[in-house]
file target-v2.tsv (TSV, C-alpha atoms (C1' of nucleotides))
chain	number	residue	atom	x	y	z
A	1	MET	CA	15.58	-8.95	-15.12
A	2	HIS	CA	12.07	-8.27	-16.30
A	3	LEU	CA	8.68	-9.48	-15.08
A	4	THR	CA	6.33	-10.71	-17.76
A	5	PRO	CA	2.56	-10.38	-17.10
A	6	ALA	CA	2.37	-14.06	-16.19
A	7	MET	CA	5.15	-13.64	-13.66
A	8	GLN	CA	3.47	-10.58	-12.17
A	9	ASN	CA	0.23	-12.49	-11.81
A	10	PHE	CA	1.97	-15.41	-10.21
A	11	ILE	CA	3.41	-13.04	-7.63
A	12	LEU	CA	0.10	-11.32	-7.04
A	13	HIS	CA	-1.84	-14.54	-6.51
A	14	TRP	CA	0.86	-16.04	-4.31
A	15	GLY	CA	0.78	-12.86	-2.27
A	16	ASP	CA	-3.00	-13.07	-1.87
A	17	MET	CA	-2.75	-16.64	-0.73
A	18	GLY	CA	-0.08	-15.75	1.81
A	19	ALA	CA	-2.24	-12.97	3.18
A	20	LYS	CA	-5.04	-15.44	3.89
A	21	TRP	CA	-2.73	-17.80	5.75
A	22	GLY	CA	-1.24	-15.49	8.32
A	23	THR	CA	1.88	-14.14	6.66
A	24	ASN	CA	1.65	-10.65	5.28
A	25	ARG	CA	1.19	-9.96	1.62
A	26	SER	CA	4.59	-8.35	0.95
A	27	VAL	CA	6.49	-11.22	2.49
A	28	ALA	CA	4.58	-13.70	0.36
A	29	GLN	CA	5.25	-11.62	-2.74
A	30	ILE	CA	8.97	-11.51	-2.06
A	31	HIS	CA	8.91	-15.25	-1.70
A	32	ALA	CA	6.95	-15.71	-4.91
A	33	LEU	CA	9.45	-13.60	-6.80
A	34	LEU	CA	12.42	-15.54	-5.49
A	35	HIS	CA	10.59	-18.77	-6.09
A	36	ILE	CA	10.25	-18.25	-9.83
A	37	ALA	CA	13.43	-16.23	-10.35
A	38	PRO	CA	15.90	-18.24	-12.43
A	39	GLU	CA	18.84	-16.69	-10.59
A	40	PRO	CA	19.51	-15.25	-7.13
A	41	LEU	CA	18.34	-11.69	-6.57
A	42	SER	CA	19.75	-8.93	-4.43
A	43	ALA	CA	17.62	-6.94	-2.01
A	44	ASP	CA	17.84	-3.95	-4.32
A	45	GLN	CA	16.54	-5.85	-7.28
A	46	ILE	CA	13.61	-7.08	-5.20
A	47	CYS	CA	12.81	-3.52	-4.15
A	48	GLU	CA	12.71	-2.39	-7.71
A	49	LEU	CA	10.78	-5.32	-9.14
A	50	LEU	CA	8.09	-5.32	-6.46
A	51	ASN	CA	8.02	-1.62	-5.69
A	52	LEU	CA	8.64	-2.17	-1.99
A	53	ALA	CA	10.61	-0.02	0.43
A	54	ARG	CA	14.12	-1.12	1.14
A	55	SER	CA	13.49	-1.61	4.85
A	56	ASN	CA	10.48	-3.80	4.23
A	57	VAL	CA	12.38	-5.98	1.83
A	58	SER	CA	15.14	-6.31	4.39
A	59	ASN	CA	12.70	-7.32	7.10
A	60	GLY	CA	10.74	-9.56	4.77
A	61	LEU	CA	13.89	-11.41	3.79
A	62	LYS	CA	14.79	-11.84	7.42
A	63	GLU	CA	11.37	-13.28	8.10
A	64	LEU	CA	11.58	-15.66	5.14
A	65	GLN	CA	15.02	-16.81	6.21
A	66	SER	CA	13.85	-17.46	9.73
A	67	LEU	CA	10.99	-19.50	8.28
A	68	GLY	CA	13.58	-21.46	6.33
A	69	MET	CA	11.96	-20.60	3.02
A	70	VAL	CA	14.78	-18.49	1.62
A	71	LYS	CA	18.55	-18.84	1.65
A	72	SER	CA	21.15	-16.18	1.02
A	73	GLN	CA	24.35	-16.66	-0.87
A	74	ARG	CA	27.25	-14.54	-2.09
A	75	LYS	CA	28.22	-14.04	-5.67
A	76	LEU	CA	31.86	-13.87	-6.64
A	77	GLY	CA	32.95	-10.31	-7.21
A	78	ASP	CA	29.82	-8.88	-5.60
A	79	ARG	CA	29.62	-7.70	-2.08
A	80	ARG	CA	25.85	-7.89	-1.86
A	81	ASP	CA	23.84	-10.83	-0.59
A	82	HIS	CA	21.76	-12.65	-3.15
A	83	PHE	CA	18.66	-14.60	-2.23
A	84	THR	CA	16.97	-17.72	-3.51
A	85	SER	CA	13.90	-19.67	-2.51
A	86	VAL	CA	14.33	-23.25	-1.40
A	87	ARG	CA	14.11	-24.98	-4.78
A	88	ASP	CA	12.48	-28.26	-3.84
A	89	MET	CA	8.76	-27.80	-3.27
A	90	PHE	CA	8.48	-30.75	-0.92
A	91	ASP	CA	11.29	-29.34	1.23
A	92	LEU	CA	9.57	-26.00	1.17
A	93	VAL	CA	6.23	-27.31	2.42
A	94	THR	CA	7.95	-29.44	5.02
A	95	THR	CA	9.97	-26.52	6.33
A	96	VAL	CA	7.05	-24.16	6.55
A	97	ILE	CA	4.96	-26.67	8.44
A	98	LYS	CA	7.84	-27.38	10.79
A	99	THR	CA	8.45	-23.77	11.76
A	100	ARG	CA	4.78	-22.87	11.98
A	101	ARG	CA	4.23	-25.83	14.26
A	102	GLU	CA	7.01	-24.65	16.51
A	103	ARG	CA	5.92	-21.03	16.52
A	104	GLU	CA	2.16	-21.27	16.53
A	105	TYR	CA	1.00	-24.75	17.37
A	106	LEU	CA	3.25	-25.99	20.16
A	107	PRO	CA	2.98	-22.76	22.19
A	108	THR	CA	-0.81	-23.05	22.09
A	109	LEU	CA	-0.61	-26.69	23.04
A	110	GLN	CA	1.62	-25.85	25.99
A	111	ALA	CA	-0.60	-22.96	27.05
A	112	LEU	CA	-3.67	-25.19	26.94
A	113	GLU	CA	-1.92	-27.81	29.05
A	114	GLU	CA	-1.27	-25.09	31.57
A	115	VAL	CA	-4.94	-24.11	31.38
A	116	GLN	CA	-5.87	-27.71	32.02
A	117	ARG	CA	-3.81	-27.73	35.21
A	118	GLU	CA	-5.29	-24.40	36.23
A	119	ALA	CA	-8.78	-25.80	35.75
A	120	GLU	CA	-8.09	-28.30	38.51
A	121	THR	CA	-7.56	-25.51	41.01
A	122	ASP	CA	-10.52	-23.25	40.25
A	123	ALA	CA	-14.24	-23.77	40.00
A	124	THR	CA	-14.27	-24.96	36.39
A	125	PRO	CA	-17.16	-27.42	36.03
A	126	PRO	CA	-16.37	-31.05	35.20
A	127	GLU	CA	-18.07	-30.96	31.77
A	128	VAL	CA	-15.85	-28.08	30.78
A	129	LYS	CA	-12.77	-29.87	32.01
A	130	ALA	CA	-13.81	-32.84	29.92
A	131	ARG	CA	-14.14	-30.65	26.82
A	132	ILE	CA	-10.70	-29.16	27.40
A	133	ALA	CA	-9.22	-32.63	27.80
A	134	GLU	CA	-10.89	-33.82	24.60
A	135	THR	CA	-9.52	-30.84	22.72
A	136	LEU	CA	-6.02	-31.41	23.99
A	137	ASP	CA	-6.18	-35.11	23.21
A	138	THR	CA	-7.06	-34.47	19.61
A	139	MET	CA	-4.39	-31.83	19.22
A	140	GLN	CA	-1.87	-34.22	20.73
A	141	MET	CA	-2.99	-37.01	18.41
A	142	PHE	CA	-2.43	-34.91	15.32
A	143	ASP	CA	0.89	-33.71	16.63
A	144	ASN	CA	2.05	-37.23	17.36
A	145	TRP	CA	1.05	-38.29	13.87
A	146	TYR	CA	3.02	-35.39	12.44
A	147	THR	CA	6.11	-36.19	14.51
A	148	ASP	CA	5.94	-39.83	13.50
A	149	VAL	CA	5.54	-39.11	9.82
A	150	MET	CA	8.31	-36.54	9.79
A	151	ALA	CA	10.67	-39.10	11.28
A	152	LEU	CA	10.21	-41.37	8.28
A	153	PRO	CA	12.71	-41.18	5.42
A	154	ARG	CA	11.71	-38.92	2.61
A	155	SER	CA	11.30	-41.80	0.19
A	156	VAL	CA	8.65	-43.39	2.38
A	157	GLN	CA	6.84	-40.11	2.80
A	158	MET	CA	6.73	-39.64	-0.95
A	159	ALA	CA	5.50	-43.17	-1.45
A	160	ALA	CA	2.67	-42.68	1.02
A	161	LEU	CA	1.76	-39.37	-0.57
A	162	LYS	CA	1.63	-40.78	-4.06
A	163	LEU	CA	-0.29	-43.79	-2.83
A	164	GLY	CA	-3.09	-41.50	-1.69
A	165	GLY	CA	-6.31	-43.32	-0.86
A	166	ARG	CA	-4.93	-46.68	-1.93
A	167	ILE	CA	-3.18	-46.66	1.42
A	168	ALA	CA	-6.33	-48.28	2.78
A	169	ARG	CA	-5.44	-51.55	1.08
A	170	PHE	CA	-2.39	-51.94	3.24
A	171	LEU	CA	-3.93	-51.09	6.54
A	172	PRO	CA	-4.33	-53.98	8.98
A	173	LYS	CA	-8.06	-53.94	9.63
A	174	GLY	CA	-9.70	-51.42	7.29
A	175	LYS	CA	-13.37	-52.21	7.74
A	176	ASP	CA	-14.41	-51.47	4.16
A	177	SER	CA	-14.36	-48.79	1.49
B	1	MET	CA	-23.11	-18.99	33.22
B	2	HIS	CA	-19.78	-17.88	34.60
B	3	LEU	CA	-16.25	-18.04	33.21
B	4	THR	CA	-13.62	-19.37	35.57
B	5	PRO	CA	-10.03	-18.15	35.11
B	6	ALA	CA	-9.12	-21.39	33.34
B	7	MET	CA	-12.00	-20.93	30.92
B	8	GLN	CA	-10.99	-17.34	30.24
B	9	ASN	CA	-7.45	-18.42	29.52
B	10	PHE	CA	-8.62	-21.17	27.22
B	11	ILE	CA	-10.57	-18.60	25.25
B	12	LEU	CA	-7.68	-16.15	25.16
B	13	HIS	CA	-5.15	-18.70	23.94
B	14	TRP	CA	-7.53	-20.13	21.38
B	15	GLY	CA	-8.15	-16.62	20.15
B	16	ASP	CA	-4.44	-15.95	19.81
B	17	MET	CA	-3.98	-19.11	17.84
B	18	GLY	CA	-6.83	-18.21	15.51
B	19	ALA	CA	-5.29	-14.80	14.91
B	20	LYS	CA	-2.08	-16.41	13.71
B	21	TRP	CA	-3.88	-18.64	11.27
B	22	GLY	CA	-5.85	-16.11	9.30
B	23	THR	CA	-9.17	-15.92	11.15
B	24	ASN	CA	-9.59	-12.88	13.32
B	25	ARG	CA	-9.20	-13.03	17.06
B	26	SER	CA	-12.83	-12.34	18.01
B	27	VAL	CA	-14.18	-15.07	15.78
B	28	ALA	CA	-11.76	-17.56	17.31
B	29	GLN	CA	-12.78	-16.45	20.80
B	30	ILE	CA	-16.46	-16.93	20.06
B	31	HIS	CA	-15.66	-20.38	18.82
B	32	ALA	CA	-13.56	-21.19	21.88
B	33	LEU	CA	-16.39	-20.14	24.15
B	34	LEU	CA	-18.96	-22.26	22.33
B	35	HIS	CA	-16.50	-25.11	22.20
B	36	ILE	CA	-16.19	-25.43	25.95
B	37	ALA	CA	-19.68	-24.28	26.86
B	38	PRO	CA	-21.67	-27.17	28.33
B	39	GLU	CA	-24.89	-25.84	26.86
B	40	PRO	CA	-25.94	-23.80	23.81
B	41	LEU	CA	-25.53	-20.04	24.17
B	42	SER	CA	-27.51	-17.18	22.71
B	43	ALA	CA	-25.85	-14.29	20.91
B	44	ASP	CA	-26.60	-12.06	23.89
B	45	GLN	CA	-24.85	-14.34	26.31
B	46	ILE	CA	-21.80	-14.41	24.06
B	47	CYS	CA	-21.73	-10.60	23.94
B	48	GLU	CA	-21.78	-10.38	27.66
B	49	LEU	CA	-19.28	-13.14	28.38
B	50	LEU	CA	-16.70	-11.95	25.86
B	51	ASN	CA	-17.36	-8.24	26.02
B	52	LEU	CA	-17.92	-7.98	22.29
B	53	ALA	CA	-20.28	-5.73	20.41
B	54	ARG	CA	-23.52	-7.29	19.37
B	55	SER	CA	-22.92	-6.69	15.68
B	56	ASN	CA	-19.55	-8.42	15.79
B	57	VAL	CA	-20.97	-11.42	17.54
B	58	SER	CA	-23.67	-11.62	14.92
B	59	ASN	CA	-21.16	-11.47	12.10
B	60	GLY	CA	-18.74	-13.79	13.87
B	61	LEU	CA	-21.46	-16.40	14.28
B	62	LYS	CA	-22.33	-16.09	10.63
B	63	GLU	CA	-18.69	-16.63	9.73
B	64	LEU	CA	-18.37	-19.64	12.03
B	65	GLN	CA	-21.53	-21.16	10.62
B	66	SER	CA	-20.34	-20.70	7.07
B	67	LEU	CA	-17.09	-22.40	8.07
B	68	GLY	CA	-19.20	-25.25	9.42
B	69	MET	CA	-17.71	-24.91	12.89
B	70	VAL	CA	-20.86	-23.80	14.67
B	71	LYS	CA	-24.48	-24.88	14.47
B	72	SER	CA	-27.55	-23.06	15.65
B	73	GLN	CA	-30.54	-24.64	17.30
B	74	ARG	CA	-33.75	-23.57	18.95
B	75	LYS	CA	-34.64	-24.09	22.54
B	76	LEU	CA	-38.18	-24.95	23.58
B	77	GLY	CA	-39.93	-21.94	24.94
B	78	ASP	CA	-37.27	-19.56	23.71
B	79	ARG	CA	-37.52	-17.56	20.56
B	80	ARG	CA	-33.82	-16.84	20.31
B	81	ASP	CA	-31.26	-18.90	18.44
B	82	HIS	CA	-28.76	-20.80	20.51
B	83	PHE	CA	-25.36	-21.83	19.23
B	84	THR	CA	-23.04	-24.76	19.77
B	85	SER	CA	-19.66	-25.74	18.42
B	86	VAL	CA	-19.39	-28.98	16.48
B	87	ARG	CA	-18.74	-31.37	19.35
B	88	ASP	CA	-16.51	-33.94	17.71
B	89	MET	CA	-12.97	-32.60	17.37
B	90	PHE	CA	-12.17	-34.78	14.39
B	91	ASP	CA	-15.23	-33.50	12.56
B	92	LEU	CA	-14.22	-29.98	13.46
B	93	VAL	CA	-10.71	-30.26	12.02
B	94	THR	CA	-12.03	-31.99	8.93
B	95	THR	CA	-14.62	-29.32	8.32
B	96	VAL	CA	-12.23	-26.42	8.76
B	97	ILE	CA	-9.72	-27.93	6.37
B	98	LYS	CA	-12.47	-28.60	3.86
B	99	THR	CA	-13.80	-25.07	3.79
B	100	ARG	CA	-10.40	-23.41	3.88
B	101	ARG	CA	-9.31	-25.55	0.97
B	102	GLU	CA	-12.34	-24.46	-0.99
B	103	ARG	CA	-11.98	-20.80	-0.10
B	104	GLU	CA	-8.26	-20.26	-0.05
B	105	TYR	CA	-6.45	-23.11	-1.71
B	106	LEU	CA	-8.47	-24.07	-4.78
B	107	PRO	CA	-8.92	-20.47	-5.95
B	108	THR	CA	-5.15	-19.99	-5.86
B	109	LEU	CA	-4.65	-23.27	-7.66
B	110	GLN	CA	-7.07	-22.20	-10.36
B	111	ALA	CA	-5.51	-18.77	-10.65
B	112	LEU	CA	-2.06	-20.29	-11.02
B	113	GLU	CA	-3.30	-22.63	-13.72
B	114	GLU	CA	-4.56	-19.57	-15.53
B	115	VAL	CA	-1.15	-17.94	-15.04
B	116	GLN	CA	0.47	-21.03	-16.50
B	117	ARG	CA	-1.63	-20.71	-19.64
B	118	GLU	CA	-0.86	-17.01	-19.80
B	119	ALA	CA	2.85	-17.75	-19.59
B	120	GLU	CA	2.60	-19.61	-22.89
B	121	THR	CA	1.47	-16.47	-24.66
B	122	ASP	CA	3.94	-13.92	-23.30
B	123	ALA	CA	7.71	-13.73	-23.10
B	124	THR	CA	8.05	-15.70	-19.88
B	125	PRO	CA	11.38	-17.55	-20.02
B	126	PRO	CA	11.33	-21.35	-20.10
B	127	GLU	CA	13.08	-21.74	-16.73
B	128	VAL	CA	10.34	-19.68	-15.14
B	129	LYS	CA	7.65	-21.71	-16.83
B	130	ALA	CA	9.32	-24.82	-15.48
B	131	ARG	CA	9.27	-23.41	-11.94
B	132	ILE	CA	5.60	-22.55	-12.25
B	133	ALA	CA	4.84	-26.04	-13.50
B	134	GLU	CA	6.78	-27.61	-10.63
B	135	THR	CA	4.89	-25.50	-8.12
B	136	LEU	CA	1.55	-26.45	-9.59
B	137	ASP	CA	2.46	-30.12	-9.72
B	138	THR	CA	3.28	-30.20	-6.06
B	139	MET	CA	0.16	-28.31	-5.09
B	140	GLN	CA	-1.86	-30.74	-7.20
B	141	MET	CA	-0.15	-33.72	-5.60
B	142	PHE	CA	-1.03	-32.58	-2.10
B	143	ASP	CA	-4.57	-31.79	-3.16
B	144	ASN	CA	-5.02	-35.20	-4.76
B	145	TRP	CA	-3.73	-36.85	-1.60
B	146	TYR	CA	-6.22	-34.84	0.43
B	147	THR	CA	-9.12	-35.70	-1.85
B	148	ASP	CA	-8.22	-39.36	-1.74
B	149	VAL	CA	-7.87	-39.52	2.00
B	150	MET	CA	-11.12	-37.64	2.59
B	151	ALA	CA	-12.94	-40.19	0.47
B	152	LEU	CA	-11.97	-42.99	2.86
B	153	PRO	CA	-14.39	-43.99	5.60
B	154	ARG	CA	-13.78	-42.34	8.91
B	155	SER	CA	-12.75	-45.56	10.57
B	156	VAL	CA	-9.89	-46.04	8.12
B	157	GLN	CA	-8.78	-42.45	8.55
B	158	MET	CA	-8.67	-42.88	12.30
B	159	ALA	CA	-6.75	-46.10	11.97
B	160	ALA	CA	-4.13	-44.47	9.78
B	161	LEU	CA	-3.87	-41.53	12.12
B	162	LYS	CA	-3.37	-43.70	15.18
B	163	LEU	CA	-0.92	-45.86	13.31
B	164	GLY	CA	1.34	-42.85	12.83
B	165	GLY	CA	4.82	-43.73	11.67
B	166	ARG	CA	4.18	-47.45	11.86
B	167	ILE	CA	2.37	-47.00	8.57
B	168	ALA	CA	5.78	-47.55	6.95
B	169	ARG	CA	5.58	-51.25	7.79
B	170	PHE	CA	2.61	-51.71	5.52
B	171	LEU	CA	3.87	-49.79	2.56
B	172	PRO	CA	4.80	-51.86	-0.48
B	173	LYS	CA	8.44	-50.86	-1.03
B	174	GLY	CA	9.55	-48.65	1.86
B	175	LYS	CA	13.29	-48.58	1.34
B	176	ASP	CA	14.22	-48.62	5.02
B	177	SER	CA	13.55	-46.90	8.32
C	1	DC	C1'	-51.82	-6.68	13.24
C	2	DT	C1'	-48.50	-5.93	17.03
C	3	DT	C1'	-44.67	-6.99	19.36
C	4	DA	C1'	-40.40	-9.08	20.65
C	5	DT	C1'	-36.35	-10.75	18.77
C	6	DA	C1'	-32.77	-11.12	14.97
C	7	DT	C1'	-30.26	-9.53	11.43
C	8	DT	C1'	-28.37	-6.16	8.31
C	9	DT	C1'	-26.46	-1.96	7.22
C	10	DC	C1'	-24.86	2.47	8.13
C	11	DT	C1'	-21.77	5.83	10.78
C	12	DG	C1'	-17.71	7.44	12.93
C	13	DT	C1'	-13.90	6.16	16.14
C	14	DC	C1'	-9.93	3.74	17.65
C	15	DA	C1'	-5.98	0.53	17.44
C	16	DT	C1'	-3.05	-2.00	14.68
C	17	DT	C1'	-0.23	-2.85	10.87
C	18	DA	C1'	2.14	-2.07	6.55
C	19	DC	C1'	4.72	1.03	4.55
C	20	DA	C1'	8.32	4.70	2.75
C	21	DG	C1'	12.01	7.30	3.65
C	22	DA	C1'	15.67	9.15	6.51
C	23	DA	C1'	19.24	8.64	9.60
C	24	DA	C1'	22.29	6.11	12.50
C	25	DC	C1'	24.90	2.29	12.97
C	26	DC	C1'	27.68	-1.92	11.88
C	27	DA	C1'	30.65	-4.87	9.05
C	28	DT	C1'	33.88	-5.65	5.68
C	29	DA	C1'	36.52	-5.32	1.26
C	30	DA	C1'	39.79	-2.54	-0.97
D	1	DT	C1'	41.02	4.70	6.40
D	2	DT	C1'	37.27	4.96	3.04
D	3	DA	C1'	33.52	3.34	0.47
D	4	DT	C1'	29.88	0.16	0.01
D	5	DG	C1'	26.33	-2.69	1.38
D	6	DG	C1'	23.50	-4.27	5.27
D	7	DT	C1'	20.66	-3.73	9.31
D	8	DT	C1'	18.25	-1.21	12.78
D	9	DT	C1'	15.52	2.35	14.42
D	10	DC	C1'	12.79	6.32	14.06
D	11	DT	C1'	9.27	9.26	11.94
D	12	DG	C1'	4.76	10.11	9.90
D	13	DT	C1'	1.15	8.33	6.75
D	14	DA	C1'	-2.21	5.25	4.76
D	15	DA	C1'	-5.01	1.21	4.92
D	16	DT	C1'	-7.22	-2.20	7.42
D	17	DG	C1'	-10.00	-4.26	10.89
D	18	DA	C1'	-12.45	-4.16	15.32
D	19	DC	C1'	-15.76	-1.84	17.52
D	20	DA	C1'	-20.23	0.64	19.48
D	21	DG	C1'	-24.37	2.40	18.57
D	22	DA	C1'	-28.29	3.71	15.79
D	23	DA	C1'	-31.51	2.89	12.42
D	24	DA	C1'	-33.73	0.06	9.01
D	25	DT	C1'	-35.42	-4.32	7.93
D	26	DA	C1'	-36.93	-9.12	8.55
D	27	DT	C1'	-39.06	-12.92	11.00
D	28	DA	C1'	-42.12	-15.28	13.75
D	29	DA	C1'	-45.23	-15.75	17.99
D	30	DG	C1'	-49.38	-14.41	19.96
call {"tool": "encode", "arguments": {"input": "target-v2.tsv", "output": "C-alpha cells"}}
result
Amino acid sequence: MHLTPAMQNFILHWGDMGAKWGTNRSVAQIHALLHIAPEPLSADQICELLNLARSNVSNGLKELQSLGMVKSQRKLGDRRDHFTSVRDMFDLVTTVIKTRREREYLPTLQALEEVQREAETDATPPEVKARIAETLDTMQMFDNWYTDVMALPRSVQMAALKLGGRIARFLPKGKDS
Amino acid sequence: MHLTPAMQNFILHWGDMGAKWGTNRSVAQIHALLHIAPEPLSADQICELLNLARSNVSNGLKELQSLGMVKSQRKLGDRRDHFTSVRDMFDLVTTVIKTRREREYLPTLQALEEVQREAETDATPPEVKARIAETLDTMQMFDNWYTDVMALPRSVQMAALKLGGRIARFLPKGKDS
DNA sequence: CTTATATTTCTGTCATTACAGAAACCATAA
DNA sequence: TTATGGTTTCTGTAATGACAGAAATATAAG
C-alpha cells in the first residue's frame, strides 16, 4: 500500500482537525488512514505508513475502538488483527457524539447537579444559584433533544436532516420566517 | 466578591469540560467565573479570584471575546474594563458553535475539497477518491443543515428544540416510530 | 503633559503530554 | 513446546502550553 500526496494531505488535515477537537493528532491520523484505506490494515502497516511508534499505534487503536470509530477483524491465514474505520459516515458521526456525550458531557452535567445541591448548603448568593440553575436547564434541554432525536429511526433522522430549514413549514405554530 | 465552595466547584468542573473540548482549562475557568458572577468583573478581580497570572487573564479574555462568549463594558467612575459572559445560554451555545465552525470546521472542509481536486491529478486509486467524496458529502450535508437551521428565527428554533422527538409527527413521510 | 491603567511582548521555568524504543508479559496457532 | 503477534509498562526525550514577572507600549483622564 502506498500513500499518494492527496492521501497524505487528507490524513494531515484530518489530524489537524482532530487536534482542535480534543483528540490527539496521532489518533486522528490513524483514523483518517483507516477511513480512506480500501482494505483493512494491520498495526504494523499503520506504523510504517504514518511513521508512528508501535506502542502509540497500539494505544491509538485501542482509543479509536473504545470510541466506536474503528473495528478490528481477522483475515484468513493471518494471525494479525486488521483494522477498518466504520464505513458509514452517518454512523460514524452518531457514534462519536454518543461516546463523547457519555464521557464528557454527562459527567459534567452530573457534577453540576451536585454543585447545585451544594449551593443550597453554603452561602452562595441567590443570583448565583439562579445562574447555575439556568445553565443546567439549558444543558438538560439540549440533552433531552439529543436523546429524543437519537430514539427516532434512522430514516426519520435522515429525512429531517435533508429537510434542513424547510422543517419550519411543518412546525405547529412557527411565527414567521 | 467571594467564591463559595459551590461556586469554586462550578468553575472547576466547567474548566475540566472546556479542557476536553479543545479550549484550554484557564480560559474555560475565566468564562465560568464570569458566567455565574452577578456583576461585571475587572481583569484584576479575575486574577485574584482564580489565582491566574495577569497576562493569562488578559489573553484569556481576548480569546473569549473573539469567541463572542464575553463582552466588555465600562463602569461609571471606573477607568478599567469590566467583563461579563453573554447572559442568555441559548445565545452562548449558538455563538460558540458559530465561531468554532468558522475556525475549525470550514477550514478543514476547504482543505479537503482541495485534497479532492489534488486526488484527480495524482495516482490516488478510485476507491479512495470515492471515500473522500463520501466524507465530504456528509460534512457538507451537516453544514447545510446547520446553515439552514441558523437562518430560522429564534422562536422557530426554540420550538423545534422543545418539540424534541415529537418532530417526527410533522414530517412528511416518516416511515414509522 | 503627566499619570494611572491596559495591553503586548519578551524571558525563563515548570508541568504535561506525545513519543520512540526496549523489555516483560500474555495469548494462541502450529 | 515454540514462534508469532499483541499488549502493557517502563525509560528518557522532545514539544507544547501554562505561568510569573519585567519591560515596552498604548490609551485615556485630568
call {"tool": "closest_residue", "arguments": {"input": "target-v2.tsv", "among": "A:Val149, A:Thr124, A:Asp16, A:Ala53", "to": "DC19 of chain C", "atoms": "all atoms listed in the file"}}
result
A:Ala53
call {"tool": "residues_around", "arguments": {"input": "target-v2.tsv", "residues": "segment 13-15 of chain D", "least_positions_apart": "2", "cutoff": "12 Å", "atoms": "all atoms listed in the file", "output": "PyMOL selection string"}}
result
(chain C and resi 16-21) or (chain D and resi 11+17)
call {"tool": "residues_around", "arguments": {"input": "target-v2.tsv", "residues": "Pro5 of chain B", "least_positions_apart": "4", "cutoff": "8 Å", "atoms": "only C-alpha atoms (C1' of nucleotides)", "output": "PDB file with C-alpha atoms, keeping the file's coordinate frame"}}
result
ATOM      1  CA  GLU A 118      -5.290 -24.400  36.230  1.00  0.00           C
ATOM      2  CA  ALA A 119      -8.780 -25.800  35.750  1.00  0.00           C
ATOM      3  CA  ASP A 122     -10.520 -23.250  40.250  1.00  0.00           C
TER       4      ASP A 122
ATOM      5  CA  ASN B   9      -7.450 -18.420  29.520  1.00  0.00           C
TER       6      ASN B   9
END
call {"tool": "interface_residues", "arguments": {"input": "target-v2.tsv", "of": "chain D", "to": "chain B", "cutoff": "10 Å", "atoms": "all atoms listed in the file", "output": "count of residues only"}}
result
7
call {"tool": "atom_distance", "arguments": {"input": "target-v2.tsv", "atom1": "atom CA of Val128 of chain A", "atom2": "atom CA of Thr23 of chain B"}}
result
24.0 Å
call {"tool": "residues_around", "arguments": {"input": "target-v2.tsv", "residues": "Ile11 of chain B", "least_positions_apart": "6", "cutoff": "12 Å", "atoms": "all atoms listed in the file", "output": "list in words"}}
result
Thr108, Ala111, Leu112, Val115 and Ile132 of chain A; Leu3, Thr4, Pro5, Met17, Gly18, Arg25, Ser26, Val27, Ala28, Gln29, Ile30, His31, Ala32, Leu33, Leu34, His35, Ile36, Ala37, Leu49 and Leu50 of chain B
call {"tool": "atom_distance", "arguments": {"input": "target-v2.tsv", "atom1": "atom CA of Leu161 of chain B", "atom2": "atom CA of Phe90 of chain A"}}
result
20.9 Å
call {"tool": "closest_residue", "arguments": {"input": "target-v2.tsv", "among": "B:Leu12, B:Leu92, B:Leu109, B:Leu61", "to": "Thr138 of chain B", "atoms": "only C-alpha atoms"}}
result
B:Leu109
call {"tool": "atom_distance", "arguments": {"input": "target-v2.tsv", "atom1": "atom CA of Val70 of chain B", "atom2": "atom CA of Phe83 of chain B"}}
result
6.7 Å
